Amino acid sequence: MLRQLIYWLLATFLFWFLFANLMRLRDRLMTLEGWKRTAARIAGYALLLVGYPYDVLYNLTYGSAMFWQLPRRWEWTFTARLQRLVFSSGWRGAEARFICRYLVEPWDESHCGEYP
């Protein structure tokens, strides 16, 4: 039980780390020029190449366990799940709003959509 909790914490931290760095890199890309812009773009695509499949895998495993439901049809990413759940009432909506407000939106405003 403790081992699964540690795996979940490590997987969540890695997922958040990839997301936060990719969003920060995207924001910085607008201010860079020349070789720095090219290097940042290459780093961004490398993060995306690793991050997107990880997002899908996280959504199918830990995301499903976190919200006690399988993803709906065409809801491949964790963001798609959050964008749907932030508008629902009950504990799933509260959990999705908490994740969006404190883990996602400090790095990318309105990533989860406009919710109450």
# chains A, B, ... in the order shown; residues from 1 in each chain; ligands from 1
>>> residues_around(residues="Asp55 in chain A", least_positions_apart="5", cutoff="9 Å", atoms="only C-alpha atoms", output="list in words")
Phe15, Val50, Leu60, Trp76, Thr77, Phe78 and Thr79 of chain A
>>> write_last_selection(atoms="C-alpha atoms", output="short mmCIF file (atom, residue, chain, number, x, y, z; two decimals), in the first residue's frame")
data_model
loop_
_atom_site.label_atom_id
_atom_site.label_comp_id
_atom_site.auth_asym_id
_atom_site.auth_seq_id
_atom_site.Cartn_x
_atom_site.Cartn_y
_atom_site.Cartn_z
CA PHE A 15 3.60 14.70 -14.63
CA VAL A 50 7.69 12.53 -23.68
CA LEU A 60 -5.74 6.01 -17.98
CA TRP A 76 -7.46 10.81 -23.74
CA THR A 77 -5.64 13.48 -21.74
CA PHE A 78 -5.89 14.38 -18.09
CA THR A 79 -6.68 17.96 -19.13
#
>>> closest_atom_pairs(of="range 74-110 of chain A", to="range 26-46 of chain A", cutoff="12 Å", atoms="only C-alpha atoms", output="CSV")
residue,atom,partner,partner_atom,distance
A:Trp107,CA,A:Asp27,CA,9.4
A:Asp108,CA,A:Asp27,CA,9.1
A:Glu109,CA,A:Asp27,CA,11.4
>>> closest_residue(among="A:Leu82, A:Ala94, A:Leu5, A:Leu22", to="Gly113 in chain A", atoms="only C-alpha atoms")
A:Leu82
>>> atom_distance(atom1="CA of Ile99 in chain A", atom2="CA of Leu2 in chain A")
22.4 Å
>>> residues_around(residues="Tyr115 in chain A", least_positions_apart="4", cutoff="9 Å", atoms="only C-alpha atoms", output="number ranges by chain")
A: 83, 86-87, 97, 110
>>> write_last_selection(atoms="N, CA, C and O atoms", output="PDB file, in the first residue's frame")
ATOM      1  N   GLN A  83     -11.225  19.356 -17.676  1.00  0.00           N
ATOM      2  CA  GLN A  83     -12.112  20.336 -18.306  1.00  0.00           C
ATOM      3  C   GLN A  83     -13.570  19.903 -18.220  1.00  0.00           C
ATOM      4  O   GLN A  83     -14.457  20.741 -18.139  1.00  0.00           O
ATOM      5  N   VAL A  86     -14.560  19.958 -13.957  1.00  0.00           N
ATOM      6  CA  VAL A  86     -14.603  21.199 -13.171  1.00  0.00           C
ATOM      7  C   VAL A  86     -16.013  21.774 -13.095  1.00  0.00           C
ATOM      8  O   VAL A  86     -16.320  22.536 -12.182  1.00  0.00           O
ATOM      9  N   PHE A  87     -16.874  21.414 -14.028  1.00  0.00           N
ATOM     10  CA  PHE A  87     -18.241  21.928 -14.031  1.00  0.00           C
ATOM     11  C   PHE A  87     -19.220  21.031 -13.295  1.00  0.00           C
ATOM     12  O   PHE A  87     -20.374  21.399 -13.111  1.00  0.00           O
ATOM     13  N   ARG A  97     -11.502  20.983  -9.543  1.00  0.00           N
ATOM     14  CA  ARG A  97     -11.269  22.426  -9.357  1.00  0.00           C
ATOM     15  C   ARG A  97     -10.029  22.678  -8.503  1.00  0.00           C
ATOM     16  O   ARG A  97      -9.265  23.600  -8.770  1.00  0.00           O
ATOM     17  N   SER A 110      -6.361  29.538 -17.335  1.00  0.00           N
ATOM     18  CA  SER A 110      -7.528  29.055 -18.072  1.00  0.00           C
ATOM     19  C   SER A 110      -7.257  27.757 -18.841  1.00  0.00           C
ATOM     20  O   SER A 110      -7.915  27.487 -19.836  1.00  0.00           O
TER      21      SER A 110
END
>>> atom_distance(atom1="CA of Ser88 in chain A", atom2="CA of Glu114 in chain A")
12.9 Å
>>> residues_around(residues="Leu103 in chain A", least_positions_apart="5", cutoff="9 Å", atoms="only C-alpha atoms", output="PDB file with N, CA, C and O atoms, in the first residue's frame")
ATOM      1  N   TRP A  16       3.403  16.696 -13.246  1.00  0.00           N
ATOM      2  CA  TRP A  16       3.326  18.126 -12.986  1.00  0.00           C
ATOM      3  C   TRP A  16       4.607  18.828 -13.440  1.00  0.00           C
ATOM      4  O   TRP A  16       4.555  19.917 -14.014  1.00  0.00           O
ATOM      5  N   ALA A  20       4.547  21.806 -16.099  1.00  0.00           N
ATOM      6  CA  ALA A  20       4.975  23.146 -15.701  1.00  0.00           C
ATOM      7  C   ALA A  20       6.149  23.633 -16.550  1.00  0.00           C
ATOM      8  O   ALA A  20       6.177  24.796 -16.978  1.00  0.00           O
ATOM      9  N   PHE A  98      -9.816  21.858  -7.488  1.00  0.00           N
ATOM     10  CA  PHE A  98      -8.625  21.994  -6.654  1.00  0.00           C
ATOM     11  C   PHE A  98      -7.357  21.771  -7.482  1.00  0.00           C
ATOM     12  O   PHE A  98      -6.410  22.555  -7.409  1.00  0.00           O
TER      13      PHE A  98
END
>>> select_by_dssp(residues="range 3-116 of chain A", states="helix (DSSP H, G or I)", output="PyMOL selection string")
chain A and resi 3-29+34-67+78-85+91-104
>>> atom_distance(atom1="CA of Met1 in chain A", atom2="CA of Val56 in chain A")
23.9 Å
>>> closest_residue(among="A:Thr12, A:Asn21, A:Asn59, A:Gln4", to="Glu75 in chain A", atoms="only C-alpha atoms")
A:Asn59
>>> decode(residues="range 42-54 of chain A", atoms="all heavy atoms", output="PDB file, in the first residue's frame")
ATOM      1  N   ILE A  42      13.329  23.153 -29.647  1.00  0.00           N
ATOM      2  CA  ILE A  42      13.735  21.737 -29.656  1.00  0.00           C
ATOM      3  C   ILE A  42      13.463  21.106 -28.289  1.00  0.00           C
ATOM      4  O   ILE A  42      12.939  19.992 -28.208  1.00  0.00           O
ATOM      5  CB  ILE A  42      15.221  21.602 -30.060  1.00  0.00           C
ATOM      6  CG1 ILE A  42      15.388  21.975 -31.534  1.00  0.00           C
ATOM      7  CG2 ILE A  42      15.738  20.196 -29.792  1.00  0.00           C
ATOM      8  CD1 ILE A  42      16.826  22.126 -31.969  1.00  0.00           C
ATOM      9  N   ALA A  43      13.795  21.830 -27.229  1.00  0.00           N
ATOM     10  CA  ALA A  43      13.534  21.318 -25.881  1.00  0.00           C
ATOM     11  C   ALA A  43      12.034  21.154 -25.646  1.00  0.00           C
ATOM     12  O   ALA A  43      11.598  20.170 -25.034  1.00  0.00           O
ATOM     13  CB  ALA A  43      14.135  22.254 -24.839  1.00  0.00           C
ATOM     14  N   GLY A  44      11.247  22.084 -26.159  1.00  0.00           N
ATOM     15  CA  GLY A  44       9.796  21.994 -26.012  1.00  0.00           C
ATOM     16  C   GLY A  44       9.223  20.787 -26.718  1.00  0.00           C
ATOM     17  O   GLY A  44       8.367  20.077 -26.174  1.00  0.00           O
ATOM     18  N   TYR A  45       9.693  20.538 -27.946  1.00  0.00           N
ATOM     19  CA  TYR A  45       9.209  19.358 -28.667  1.00  0.00           C
ATOM     20  C   TYR A  45       9.658  18.063 -27.990  1.00  0.00           C
ATOM     21  O   TYR A  45       8.918  17.077 -27.991  1.00  0.00           O
ATOM     22  CB  TYR A  45       9.651  19.388 -30.125  1.00  0.00           C
ATOM     23  CG  TYR A  45       8.803  20.317 -30.963  1.00  0.00           C
ATOM     24  CD1 TYR A  45       9.368  21.388 -31.632  1.00  0.00           C
ATOM     25  CD2 TYR A  45       7.437  20.117 -31.081  1.00  0.00           C
ATOM     26  CE1 TYR A  45       8.587  22.242 -32.397  1.00  0.00           C
ATOM     27  CE2 TYR A  45       6.653  20.962 -31.836  1.00  0.00           C
ATOM     28  CZ  TYR A  45       7.225  22.025 -32.492  1.00  0.00           C
ATOM     29  OH  TYR A  45       6.447  22.863 -33.240  1.00  0.00           O
ATOM     30  N   ALA A  46      10.860  18.079 -27.410  1.00  0.00           N
ATOM     31  CA  ALA A  46      11.322  16.894 -26.672  1.00  0.00           C
ATOM     32  C   ALA A  46      10.438  16.652 -25.446  1.00  0.00           C
ATOM     33  O   ALA A  46      10.059  15.501 -25.166  1.00  0.00           O
ATOM     34  CB  ALA A  46      12.777  17.063 -26.258  1.00  0.00           C
ATOM     35  N   LEU A  47      10.108  17.718 -24.721  1.00  0.00           N
ATOM     36  CA  LEU A  47       9.209  17.575 -23.571  1.00  0.00           C
ATOM     37  C   LEU A  47       7.826  17.103 -24.009  1.00  0.00           C
ATOM     38  O   LEU A  47       7.210  16.269 -23.353  1.00  0.00           O
ATOM     39  CB  LEU A  47       9.077  18.903 -22.827  1.00  0.00           C
ATOM     40  CG  LEU A  47      10.201  19.287 -21.889  1.00  0.00           C
ATOM     41  CD1 LEU A  47       9.985  20.693 -21.353  1.00  0.00           C
ATOM     42  CD2 LEU A  47      10.297  18.308 -20.741  1.00  0.00           C
ATOM     43  N   LEU A  48       7.349  17.624 -25.130  1.00  0.00           N
ATOM     44  CA  LEU A  48       6.042  17.227 -25.638  1.00  0.00           C
ATOM     45  C   LEU A  48       6.039  15.776 -26.101  1.00  0.00           C
ATOM     46  O   LEU A  48       5.065  15.046 -25.884  1.00  0.00           O
ATOM     47  CB  LEU A  48       5.630  18.150 -26.783  1.00  0.00           C
ATOM     48  CG  LEU A  48       4.195  18.067 -27.264  1.00  0.00           C
ATOM     49  CD1 LEU A  48       3.234  18.415 -26.131  1.00  0.00           C
ATOM     50  CD2 LEU A  48       3.986  19.000 -28.430  1.00  0.00           C
ATOM     51  N   LEU A  49       7.128  15.360 -26.693  1.00  0.00           N
ATOM     52  CA  LEU A  49       7.245  13.982 -27.170  1.00  0.00           C
ATOM     53  C   LEU A  49       7.182  12.986 -26.011  1.00  0.00           C
ATOM     54  O   LEU A  49       6.618  11.900 -26.142  1.00  0.00           O
ATOM     55  CB  LEU A  49       8.552  13.815 -27.948  1.00  0.00           C
ATOM     56  CG  LEU A  49       8.748  12.512 -28.699  1.00  0.00           C
ATOM     57  CD1 LEU A  49       7.738  12.410 -29.829  1.00  0.00           C
ATOM     58  CD2 LEU A  49      10.158  12.451 -29.261  1.00  0.00           C
ATOM     59  N   VAL A  50       7.741  13.371 -24.878  1.00  0.00           N
ATOM     60  CA  VAL A  50       7.688  12.529 -23.678  1.00  0.00           C
ATOM     61  C   VAL A  50       6.390  12.783 -22.910  1.00  0.00           C
ATOM     62  O   VAL A  50       5.756  11.849 -22.415  1.00  0.00           O
ATOM     63  CB  VAL A  50       8.902  12.810 -22.767  1.00  0.00           C
ATOM     64  CG1 VAL A  50       8.768  12.106 -21.436  1.00  0.00           C
ATOM     65  CG2 VAL A  50      10.181  12.418 -23.456  1.00  0.00           C
ATOM     66  N   GLY A  51       5.994  14.041 -22.824  1.00  0.00           N
ATOM     67  CA  GLY A  51       4.884  14.432 -21.967  1.00  0.00           C
ATOM     68  C   GLY A  51       3.510  14.000 -22.443  1.00  0.00           C
ATOM     69  O   GLY A  51       2.665  13.629 -21.629  1.00  0.00           O
ATOM     70  N   TYR A  52       3.254  14.051 -23.751  1.00  0.00           N
ATOM     71  CA  TYR A  52       1.911  13.709 -24.229  1.00  0.00           C
ATOM     72  C   TYR A  52       1.562  12.236 -24.000  1.00  0.00           C
ATOM     73  O   TYR A  52       0.495  11.943 -23.441  1.00  0.00           O
ATOM     74  CB  TYR A  52       1.738  14.093 -25.697  1.00  0.00           C
ATOM     75  CG  TYR A  52       0.317  13.951 -26.153  1.00  0.00           C
ATOM     76  CD1 TYR A  52      -0.622  14.932 -25.846  1.00  0.00           C
ATOM     77  CD2 TYR A  52      -0.110  12.833 -26.851  1.00  0.00           C
ATOM     78  CE1 TYR A  52      -1.940  14.810 -26.233  1.00  0.00           C
ATOM     79  CE2 TYR A  52      -1.423  12.692 -27.239  1.00  0.00           C
ATOM     80  CZ  TYR A  52      -2.331  13.684 -26.935  1.00  0.00           C
ATOM     81  OH  TYR A  52      -3.642  13.550 -27.319  1.00  0.00           O
ATOM     82  N   PRO A  53       2.434  11.300 -24.381  1.00  0.00           N
ATOM     83  CA  PRO A  53       2.106   9.898 -24.061  1.00  0.00           C
ATOM     84  C   PRO A  53       2.017   9.646 -22.550  1.00  0.00           C
ATOM     85  O   PRO A  53       1.196   8.859 -22.091  1.00  0.00           O
ATOM     86  CB  PRO A  53       3.248   9.088 -24.673  1.00  0.00           C
ATOM     87  CG  PRO A  53       3.880   9.981 -25.657  1.00  0.00           C
ATOM     88  CD  PRO A  53       3.634  11.373 -25.199  1.00  0.00           C
ATOM     89  N   TYR A  54       2.847  10.343 -21.790  1.00  0.00           N
ATOM     90  CA  TYR A  54       2.789  10.215 -20.337  1.00  0.00           C
ATOM     91  C   TYR A  54       1.462  10.739 -19.808  1.00  0.00           C
ATOM     92  O   TYR A  54       0.874  10.164 -18.885  1.00  0.00           O
ATOM     93  CB  TYR A  54       3.962  10.965 -19.696  1.00  0.00           C
ATOM     94  CG  TYR A  54       4.125  10.684 -18.234  1.00  0.00           C
ATOM     95  CD1 TYR A  54       4.706   9.512 -17.793  1.00  0.00           C
ATOM     96  CD2 TYR A  54       3.671  11.582 -17.287  1.00  0.00           C
ATOM     97  CE1 TYR A  54       4.841   9.242 -16.444  1.00  0.00           C
ATOM     98  CE2 TYR A  54       3.802  11.327 -15.941  1.00  0.00           C
ATOM     99  CZ  TYR A  54       4.385  10.158 -15.522  1.00  0.00           C
ATOM    100  OH  TYR A  54       4.511   9.895 -14.188  1.00  0.00           O
TER     101      TYR A  54
END
